[in-house]
file upload29.cif (mmCIF, C-alpha atoms and all ligand atoms)
data_structure
#
loop_
_atom_site.label_atom_id
_atom_site.label_comp_id
_atom_site.auth_asym_id
_atom_site.auth_seq_id
_atom_site.Cartn_x
_atom_site.Cartn_y
_atom_site.Cartn_z
CA MET M 1 0.00 0.00 0.00
CA SER M 2 1.45 3.34 -1.06
CA LEU M 3 -0.08 6.19 0.99
CA LYS M 4 0.61 9.75 -0.12
CA ILE M 5 -0.53 12.99 1.54
CA ARG M 6 -0.47 16.10 -0.66
CA SER M 7 -2.05 19.54 -0.99
CA MET M 8 -5.45 19.68 -2.65
CA ARG M 9 -5.70 21.04 -6.20
CA PRO M 10 -8.81 22.81 -7.62
CA ASP M 11 -9.60 19.81 -9.84
CA ASP M 12 -9.81 17.57 -6.73
CA ALA M 13 -12.99 19.37 -5.55
CA ARG M 14 -15.43 16.70 -6.77
CA ALA M 15 -13.36 13.87 -5.24
CA PHE M 16 -13.07 15.95 -2.04
CA LEU M 17 -16.87 16.04 -1.76
CA GLU M 18 -17.28 12.39 -2.77
CA VAL M 19 -14.93 11.20 -0.02
CA HIS M 20 -16.64 13.50 2.49
CA HIS M 21 -20.09 12.22 1.52
CA ALA M 22 -19.10 8.54 1.50
CA ALA M 23 -17.51 8.85 4.96
CA VAL M 24 -20.56 10.60 6.38
CA ARG M 25 -23.17 8.41 4.69
CA ALA M 26 -21.48 5.07 5.47
CA THR M 27 -19.28 5.55 8.54
CA ALA M 28 -20.95 8.36 10.53
CA ALA M 29 -24.51 7.31 9.64
CA ARG M 30 -24.57 4.77 12.47
CA ASP M 31 -24.25 7.55 15.06
CA TYR M 32 -26.66 10.19 13.70
CA PRO M 33 -30.31 10.42 12.62
CA SER M 34 -31.06 10.64 8.90
CA ASP M 35 -32.00 14.36 8.95
CA VAL M 36 -28.49 15.17 10.21
CA ILE M 37 -26.84 12.89 7.62
CA GLU M 38 -28.87 14.44 4.78
CA ALA M 39 -27.91 17.99 5.85
CA TRP M 40 -24.26 17.02 6.45
CA ALA M 41 -23.73 15.24 3.11
CA PRO M 42 -26.55 16.10 0.70
CA LEU M 43 -26.79 14.23 -2.60
CA PRO M 44 -26.31 14.64 -5.48
CA VAL M 45 -22.92 16.37 -5.53
CA THR M 46 -23.82 19.45 -7.61
CA GLU M 47 -21.67 21.82 -9.65
CA VAL M 48 -22.70 24.58 -7.20
CA ALA M 49 -21.34 22.54 -4.29
CA ILE M 50 -18.12 21.86 -6.20
CA GLU M 51 -17.69 25.57 -6.96
CA ARG M 52 -18.28 26.39 -3.30
CA VAL M 53 -15.44 24.05 -2.34
CA GLN M 54 -13.18 25.63 -4.97
CA THR M 55 -14.02 29.18 -3.80
CA ASN M 56 -12.81 28.24 -0.28
CA ARG M 57 -14.30 31.24 1.50
CA GLY M 58 -13.20 29.85 4.87
CA HIS M 59 -9.49 29.93 3.92
CA GLU M 60 -9.09 26.22 4.58
CA TYR M 61 -5.73 24.55 4.00
CA ARG M 62 -6.80 21.28 2.39
CA LEU M 63 -5.03 17.95 2.11
CA ILE M 64 -5.69 14.90 -0.03
CA ALA M 65 -4.72 11.33 0.90
CA GLU M 66 -4.12 8.89 -1.95
CA ILE M 67 -3.57 5.16 -1.88
CA ASP M 68 -2.05 3.91 -5.13
CA ASP M 69 -3.14 7.20 -6.82
CA ARG M 70 -6.79 6.89 -5.70
CA ILE M 71 -8.18 9.67 -3.48
CA VAL M 72 -9.31 8.06 -0.21
CA GLY M 73 -9.08 10.83 2.40
CA ILE M 74 -9.38 14.57 2.92
CA GLY M 75 -8.27 16.98 5.62
CA SER M 76 -8.84 20.65 6.28
CA LEU M 77 -7.14 23.11 8.63
CA VAL M 78 -8.10 26.74 9.34
CA VAL M 79 -4.87 28.23 10.62
CA GLU M 80 -6.34 31.64 11.59
CA ASN M 81 -8.75 29.88 14.01
CA ALA M 82 -6.27 27.20 15.21
CA GLU M 83 -8.97 24.80 14.01
CA LEU M 84 -8.68 21.31 12.58
CA ARG M 85 -11.83 21.65 10.46
CA ALA M 86 -12.17 18.22 8.81
CA CYS M 87 -10.82 14.71 8.43
CA TYR M 88 -12.75 12.17 6.38
CA VAL M 89 -11.72 8.78 5.03
CA SER M 90 -13.55 6.61 2.48
CA PRO M 91 -15.19 3.66 4.24
CA GLU M 92 -13.28 1.07 2.18
CA ALA M 93 -9.96 2.68 3.22
CA GLY M 94 -10.82 2.88 6.94
CA ARG M 95 -8.54 1.69 9.78
CA LYS M 96 -5.42 1.71 7.61
CA GLY M 97 -3.85 4.80 9.16
CA VAL M 98 -5.05 7.26 6.50
CA GLY M 99 -6.87 9.54 8.97
CA SER M 100 -3.89 9.53 11.34
CA ALA M 101 -1.54 10.49 8.51
CA LEU M 102 -3.81 13.41 7.54
CA VAL M 103 -4.01 14.67 11.14
CA ARG M 104 -0.23 14.38 11.64
CA GLU M 105 0.39 16.43 8.49
CA MET M 106 -2.13 19.09 9.59
CA GLU M 107 -0.39 19.26 13.00
CA ARG M 108 2.99 19.62 11.28
CA VAL M 109 1.69 22.52 9.16
CA ALA M 110 0.00 24.12 12.19
CA LYS M 111 3.27 24.06 14.15
CA GLU M 112 5.20 25.35 11.16
CA ARG M 113 2.79 28.31 11.07
CA GLY M 114 3.37 29.07 14.74
CA LEU M 115 0.35 27.43 16.38
CA SER M 116 0.80 25.85 19.83
CA PHE M 117 -2.59 24.07 19.94
CA LEU M 118 -5.44 22.88 17.72
CA GLU M 119 -9.15 22.72 18.51
CA LEU M 120 -11.89 20.86 16.69
CA ASP M 121 -15.54 19.88 16.74
CA SER M 122 -15.43 16.09 16.48
CA SER M 123 -18.34 13.98 15.38
CA ILE M 124 -19.48 11.35 17.88
CA THR M 125 -18.07 8.83 15.38
CA ALA M 126 -14.57 10.30 15.35
CA GLU M 127 -14.13 10.90 19.11
CA PRO M 128 -12.08 7.68 19.75
CA PHE M 129 -9.98 8.46 16.67
CA TYR M 130 -9.03 11.94 17.89
CA ALA M 131 -8.61 10.68 21.46
CA LYS M 132 -6.07 8.11 20.19
CA LEU M 133 -4.18 10.98 18.54
CA GLY M 134 -3.95 12.92 21.81
CA TYR M 135 -6.97 15.25 21.60
CA GLU M 136 -8.77 15.86 24.90
CA VAL M 137 -12.48 16.46 25.39
CA ARG M 138 -13.30 20.06 26.43
CA GLU M 139 -17.09 19.75 26.30
CA ARG M 140 -19.94 17.98 24.58
CA GLY M 141 -22.29 20.17 22.65
CA GLN M 142 -23.69 20.98 19.25
CA HIS M 143 -22.13 21.90 15.95
CA ILE M 144 -24.29 23.92 13.54
CA LEU M 145 -23.97 22.79 9.93
CA GLY M 146 -23.93 25.35 7.09
CA SER M 147 -27.61 24.64 6.44
CA GLY M 148 -28.46 25.55 10.06
CA GLN M 149 -29.00 21.91 11.08
CA PRO M 150 -27.57 21.19 14.55
CA MET M 151 -25.64 17.97 15.22
CA ALA M 152 -24.16 16.50 18.37
CA CYS M 153 -20.43 17.08 18.60
CA VAL M 154 -17.49 16.80 20.97
CA LYS M 155 -15.26 19.86 21.33
CA MET M 156 -11.65 18.69 21.62
CA ARG M 157 -8.21 20.25 21.92
CA LYS M 158 -4.58 19.23 21.69
CA GLU M 159 -1.47 21.09 22.75
CA LEU M 160 1.08 20.78 19.96
CA GLY M 161 4.18 19.98 21.97
CA SER M 162 7.24 18.26 20.62
CA ARG M 163 5.89 14.80 21.52
CA GLN M 164 4.16 12.95 18.66
CA SER M 165 1.12 10.90 19.72
C1 LIG A 201 -12.76 9.20 11.86
C2 LIG A 201 -12.04 8.79 10.58
C3 LIG A 201 -11.47 10.04 9.87
C4 LIG A 201 -10.87 7.85 10.97
O1 LIG A 201 -10.10 7.56 9.79
P1 LIG A 201 -9.22 6.20 9.66
O2 LIG A 201 -8.33 6.34 8.50
O3 LIG A 201 -10.13 5.02 9.69
O4 LIG A 201 -8.40 6.25 11.04
P2 LIG A 201 -7.01 5.48 11.39
O5 LIG A 201 -6.93 4.21 10.61
O6 LIG A 201 -5.88 6.44 11.26
O7 LIG A 201 -7.29 5.15 12.95
C5 LIG A 201 -6.31 5.39 13.95
C6 LIG A 201 -6.84 4.92 15.28
O8 LIG A 201 -8.00 5.69 15.66
C7 LIG A 201 -8.91 4.84 16.38
N1 LIG A 201 -10.16 4.72 15.61
C8 LIG A 201 -10.37 5.06 14.32
N2 LIG A 201 -11.67 4.83 13.99
C9 LIG A 201 -12.26 4.32 15.08
C10 LIG A 201 -13.57 3.87 15.38
N3 LIG A 201 -14.57 3.91 14.48
N4 LIG A 201 -13.84 3.38 16.62
C11 LIG A 201 -12.87 3.31 17.55
N5 LIG A 201 -11.60 3.74 17.34
C12 LIG A 201 -11.31 4.24 16.13
C13 LIG A 201 -8.25 3.48 16.51
O9 LIG A 201 -7.49 3.49 17.69
C14 LIG A 201 -7.32 3.48 15.30
O10 LIG A 201 -6.22 2.63 15.43
P3 LIG A 201 -6.38 1.03 15.09
O11 LIG A 201 -7.07 0.91 13.76
O12 LIG A 201 -4.97 0.55 15.08
O13 LIG A 201 -7.23 0.47 16.20
C15 LIG A 201 -13.00 8.00 9.63
O14 LIG A 201 -13.53 6.90 10.34
C16 LIG A 201 -14.15 8.81 9.11
O15 LIG A 201 -14.07 9.44 8.05
N6 LIG A 201 -15.31 8.81 9.84
C17 LIG A 201 -16.55 9.39 9.37
C18 LIG A 201 -16.51 10.88 9.19
C19 LIG A 201 -16.23 11.63 10.45
O16 LIG A 201 -16.98 11.55 11.41
N7 LIG A 201 -15.15 12.42 10.39
C20 LIG A 201 -14.78 13.31 11.41
C21 LIG A 201 -15.54 14.59 11.24
S1 LIG A 201 -15.23 15.65 12.62
#

call {"tool": "encode", "arguments": {"input": "upload29.cif", "output": "structure tokens"}}
result
Amino acid sequence: MSLKIRSMRPDDARAFLEVHHAAVRATAARDYPSDVIEAWAPLPVTEVAIERVQTNRGHEYRLIAEIDDRIVGIGSLVVENAELRACYVSPEAGRKGVGSALVREMERVAKERGLSFLELDSSITAEPFYAKLGYEVRERGQHILGSGQPMACVKMRKELGSRQS
């Protein structure tokens, strides 16, 4: 297995959304009601949605994970907010270390840009994943999706010391 982490290019926007949607609709669907899943990953993937990703109004630093040249994971970091915004892995590529590799690269970039910590709103699904990577629970609450739909989330934080977890 050849795993590669690289910066996202504009022509990756459709694959970015497809990985996001597959991860939500297959992996996270067991932890959330269908109205949340539909608001979180609406189908079909439209040209408008693709353009919105390409416009990147939130100034996200985006990463792509590829296994043997196939896009299987995505990550997003918002440096100005010290926020790890997203990490999603295709269901068929799960539990192979892809998510961990994406998070480690986002942490490396965050440190390189002078950040000493990262915060995130984790899904219920991803809490054990982030906990394994050294993120600690600050509080349990709600995350409001772009559509206005609330979803249960876990607010987590990690100090970016020299130790790698
Ligand atoms: C969470 C997610 C990104 C993890 O990606 P992944 O590539 O499968 O994660 P890794 O293989 O790097 O997992 C590393 C460790 O995290 C923990 N972990 C990962 N997924 C887990 C799960 N579902 N349950 C319990 N522990 C889990 C395990 O300790 C795992 O190590 P192990 O496989 O040796 O036991 C992926 O499952 C996903 O996309 N989930 C759905 C979308 C989502 O909720 N994303 C987060 C949005 S905030």

call {"tool": "atom_distance", "arguments": {"input": "upload29.cif", "atom1": "CA of Gly134 in chain M", "atom2": "CA of Pro150 in chain M"}}
result
26.1 Å

call {"tool": "residues_near_ligand", "arguments": {"input": "upload29.cif", "ligand": "ligand LIG 201 (chain A)", "cutoff": "10 Å", "atoms": "only C-alpha atoms and all ligand atoms", "output": "ChimeraX atom specification"}}
result
/M:19-31,65,72-75,84-104,120-133,143,153-155

call {"tool": "write_last_selection", "arguments": {"input": "upload29.cif", "atoms": "C-alpha atoms", "output": "short mmCIF file (atom, residue, chain, number, x, y, z; two decimals), keeping the file's coordinate frame"}}
result
data_model
loop_
_atom_site.label_atom_id
_atom_site.label_comp_id
_atom_site.auth_asym_id
_atom_site.auth_seq_id
_atom_site.Cartn_x
_atom_site.Cartn_y
_atom_site.Cartn_z
CA VAL M 19 -14.93 11.20 -0.02
CA HIS M 20 -16.64 13.50 2.49
CA HIS M 21 -20.09 12.22 1.52
CA ALA M 22 -19.10 8.54 1.50
CA ALA M 23 -17.51 8.85 4.96
CA VAL M 24 -20.56 10.60 6.38
CA ARG M 25 -23.17 8.41 4.69
CA ALA M 26 -21.48 5.07 5.47
CA THR M 27 -19.28 5.55 8.54
CA ALA M 28 -20.95 8.36 10.53
CA ALA M 29 -24.51 7.31 9.64
CA ARG M 30 -24.57 4.77 12.47
CA ASP M 31 -24.25 7.55 15.06
CA ALA M 65 -4.72 11.33 0.90
CA VAL M 72 -9.31 8.06 -0.21
CA GLY M 73 -9.08 10.83 2.40
CA ILE M 74 -9.38 14.57 2.92
CA GLY M 75 -8.27 16.98 5.62
CA LEU M 84 -8.68 21.31 12.58
CA ARG M 85 -11.83 21.65 10.46
CA ALA M 86 -12.17 18.22 8.81
CA CYS M 87 -10.82 14.71 8.43
CA TYR M 88 -12.75 12.17 6.38
CA VAL M 89 -11.72 8.78 5.03
CA SER M 90 -13.55 6.61 2.48
CA PRO M 91 -15.19 3.66 4.24
CA GLU M 92 -13.28 1.07 2.18
CA ALA M 93 -9.96 2.68 3.22
CA GLY M 94 -10.82 2.88 6.94
CA ARG M 95 -8.54 1.69 9.78
CA LYS M 96 -5.42 1.71 7.61
CA GLY M 97 -3.85 4.80 9.16
CA VAL M 98 -5.05 7.26 6.50
CA GLY M 99 -6.87 9.54 8.97
CA SER M 100 -3.89 9.53 11.34
CA ALA M 101 -1.54 10.49 8.51
CA LEU M 102 -3.81 13.41 7.54
CA VAL M 103 -4.01 14.67 11.14
CA ARG M 104 -0.23 14.38 11.64
CA LEU M 120 -11.89 20.86 16.69
CA ASP M 121 -15.54 19.88 16.74
CA SER M 122 -15.43 16.09 16.48
CA SER M 123 -18.34 13.98 15.38
CA ILE M 124 -19.48 11.35 17.88
CA THR M 125 -18.07 8.83 15.38
CA ALA M 126 -14.57 10.30 15.35
CA GLU M 127 -14.13 10.90 19.11
CA PRO M 128 -12.08 7.68 19.75
CA PHE M 129 -9.98 8.46 16.67
CA TYR M 130 -9.03 11.94 17.89
CA ALA M 131 -8.61 10.68 21.46
CA LYS M 132 -6.07 8.11 20.19
CA LEU M 133 -4.18 10.98 18.54
CA HIS M 143 -22.13 21.90 15.95
CA CYS M 153 -20.43 17.08 18.60
CA VAL M 154 -17.49 16.80 20.97
CA LYS M 155 -15.26 19.86 21.33
#

call {"tool": "atom_distance", "arguments": {"input": "upload29.cif", "atom1": "CA of Arg70 in chain M", "atom2": "CA of Ile50 in chain M"}}
result
18.8 Å

call {"tool": "closest_atom_pairs", "arguments": {"input": "upload29.cif", "of": "range 19-99 of chain M", "to": "range 7-12 of chain M", "cutoff": "6 Å", "atoms": "only C-alpha atoms", "output": "CSV"}}
result
residue,atom,partner,partner_atom,distance
M:Gln54,CA,M:Pro10,CA,5.8
M:Arg62,CA,M:Met8,CA,5.5
M:Leu63,CA,M:Ser7,CA,4.6
M:Ile64,CA,M:Met8,CA,5.5

call {"tool": "closest_residue", "arguments": {"input": "upload29.cif", "among": "M:Ile37, M:Leu43, M:Leu77, M:Val137", "to": "Lys111 in chain M", "atoms": "all atoms listed in the file"}}
result
M:Leu77

call {"tool": "closest_residue", "arguments": {"input": "upload29.cif", "among": "M:Met151, M:Ser2, M:Ala15, M:Lys158", "to": "Glu38 in chain M", "atoms": "only C-alpha atoms"}}
result
M:Met151

call {"tool": "closest_residue", "arguments": {"input": "upload29.cif", "among": "M:Lys4, M:Asn81, M:Leu17, M:Arg113", "to": "Ile67 in chain M", "atoms": "only C-alpha atoms"}}
result
M:Lys4

call {"tool": "atom_distance", "arguments": {"input": "upload29.cif", "atom1": "CA of Ala152 in chain M", "atom2": "CA of Leu118 in chain M"}}
result
19.8 Å

call {"tool": "residues_around", "arguments": {"input": "upload29.cif", "residues": "Val78 in chain M", "least_positions_apart": "5", "cutoff": "8 Å", "atoms": "only C-alpha atoms", "output": "PyMOL selection string"}}
result
chain M and resi 58-61+83-85

call {"tool": "closest_residue", "arguments": {"input": "upload29.cif", "among": "M:Phe16, M:Ser116, M:Gln149, M:Glu51", "to": "Ala39 in chain M", "atoms": "all atoms listed in the file"}}
result
M:Gln149

call {"tool": "axis_aligned_box", "arguments": {"input": "upload29.cif", "around": "range 53-70 of chain M", "padding_each_side": "6 Å", "output": "JSON"}}
result
{"center_x": -8.7, "center_y": 17.6, "center_z": -1.0, "size_x": 25.4, "size_y": 39.3, "size_z": 23.7}

call {"tool": "closest_residue", "arguments": {"input": "upload29.cif", "among": "M:Leu115, M:Asp35, M:Asp68, M:Glu107", "to": "Ser147 in chain M", "atoms": "all atoms listed in the file"}}
result
M:Asp35

call {"tool": "decode", "arguments": {"input": "upload29.cif", "residues": "range 101-136 of chain M", "atoms": "N, CA and C atoms", "output": "short mmCIF file (atom, residue, chain, number, x, y, z; two decimals), in the first residue's frame"}}
result
data_model
loop_
_atom_site.label_atom_id
_atom_site.label_comp_id
_atom_site.auth_asym_id
_atom_site.auth_seq_id
_atom_site.Cartn_x
_atom_site.Cartn_y
_atom_site.Cartn_z
N ALA M 101 -2.55 9.82 9.34
CA ALA M 101 -1.54 10.49 8.51
C ALA M 101 -2.00 11.91 8.14
N LEU M 102 -3.28 12.06 7.86
CA LEU M 102 -3.81 13.41 7.54
C LEU M 102 -3.69 14.33 8.75
N VAL M 103 -4.07 13.84 9.93
CA VAL M 103 -4.01 14.67 11.14
C VAL M 103 -2.56 15.05 11.45
N ARG M 104 -1.65 14.09 11.35
CA ARG M 104 -0.23 14.38 11.64
C ARG M 104 0.29 15.47 10.71
N GLU M 105 -0.09 15.41 9.43
CA GLU M 105 0.39 16.43 8.49
C GLU M 105 -0.24 17.80 8.83
N MET M 106 -1.51 17.81 9.21
CA MET M 106 -2.13 19.09 9.59
C MET M 106 -1.45 19.65 10.85
N GLU M 107 -1.09 18.79 11.79
CA GLU M 107 -0.39 19.26 13.00
C GLU M 107 0.99 19.81 12.64
N ARG M 108 1.67 19.14 11.70
CA ARG M 108 2.99 19.62 11.28
C ARG M 108 2.88 21.03 10.68
N VAL M 109 1.89 21.21 9.80
CA VAL M 109 1.69 22.52 9.16
C VAL M 109 1.30 23.56 10.21
N ALA M 110 0.43 23.17 11.14
CA ALA M 110 0.00 24.12 12.19
C ALA M 110 1.20 24.60 13.00
N LYS M 111 2.08 23.68 13.37
CA LYS M 111 3.27 24.06 14.15
C LYS M 111 4.20 24.94 13.32
N GLU M 112 4.35 24.57 12.06
CA GLU M 112 5.20 25.35 11.16
C GLU M 112 4.70 26.79 11.04
N ARG M 113 3.37 26.97 11.17
CA ARG M 113 2.79 28.31 11.07
C ARG M 113 2.65 28.99 12.43
N GLY M 114 3.27 28.40 13.44
CA GLY M 114 3.37 29.07 14.74
C GLY M 114 2.28 28.74 15.74
N LEU M 115 1.41 27.77 15.44
CA LEU M 115 0.35 27.43 16.38
C LEU M 115 0.87 26.51 17.48
N SER M 116 0.37 26.69 18.71
CA SER M 116 0.80 25.85 19.83
C SER M 116 -0.29 24.86 20.23
N PHE M 117 -1.50 25.02 19.65
CA PHE M 117 -2.59 24.07 19.94
C PHE M 117 -3.53 24.02 18.74
N LEU M 118 -4.35 22.98 18.70
CA LEU M 118 -5.44 22.88 17.72
C LEU M 118 -6.72 22.52 18.44
N GLU M 119 -7.84 23.07 17.98
CA GLU M 119 -9.15 22.72 18.51
C GLU M 119 -10.00 22.18 17.36
N LEU M 120 -11.00 21.42 17.72
CA LEU M 120 -11.89 20.86 16.69
C LEU M 120 -13.24 20.49 17.29
N ASP M 121 -14.23 20.45 16.40
CA ASP M 121 -15.54 19.88 16.74
C ASP M 121 -15.56 18.48 16.14
N SER M 122 -15.42 17.47 16.98
CA SER M 122 -15.43 16.09 16.48
C SER M 122 -16.86 15.58 16.39
N SER M 123 -17.09 14.74 15.39
CA SER M 123 -18.34 13.98 15.38
C SER M 123 -18.28 12.97 16.53
N ILE M 124 -19.45 12.44 16.89
CA ILE M 124 -19.48 11.35 17.88
C ILE M 124 -18.64 10.17 17.35
N THR M 125 -18.76 9.95 16.04
CA THR M 125 -18.07 8.83 15.38
C THR M 125 -16.56 8.93 15.54
N ALA M 126 -16.02 10.13 15.41
CA ALA M 126 -14.57 10.30 15.35
C ALA M 126 -13.92 10.52 16.73
N GLU M 127 -14.72 10.59 17.80
CA GLU M 127 -14.13 10.90 19.11
C GLU M 127 -13.00 9.92 19.49
N PRO M 128 -13.20 8.58 19.36
CA PRO M 128 -12.08 7.68 19.75
C PRO M 128 -10.85 7.84 18.86
N PHE M 129 -11.09 8.22 17.62
CA PHE M 129 -9.98 8.46 16.67
C PHE M 129 -9.14 9.65 17.16
N TYR M 130 -9.80 10.78 17.43
CA TYR M 130 -9.03 11.94 17.89
C TYR M 130 -8.43 11.70 19.28
N ALA M 131 -9.15 10.96 20.12
CA ALA M 131 -8.61 10.68 21.46
C ALA M 131 -7.30 9.88 21.33
N LYS M 132 -7.29 8.91 20.42
CA LYS M 132 -6.07 8.11 20.19
C LYS M 132 -4.91 8.99 19.75
N LEU M 133 -5.23 10.09 19.04
CA LEU M 133 -4.18 10.98 18.54
C LEU M 133 -3.82 12.08 19.54
N GLY M 134 -4.37 11.99 20.76
CA GLY M 134 -3.95 12.92 21.81
C GLY M 134 -4.86 14.11 22.04
N TYR M 135 -6.02 14.14 21.40
CA TYR M 135 -6.97 15.25 21.60
C TYR M 135 -7.81 14.97 22.84
N GLU M 136 -8.02 16.03 23.66
CA GLU M 136 -8.77 15.86 24.90
C GLU M 136 -10.12 16.53 24.79
#
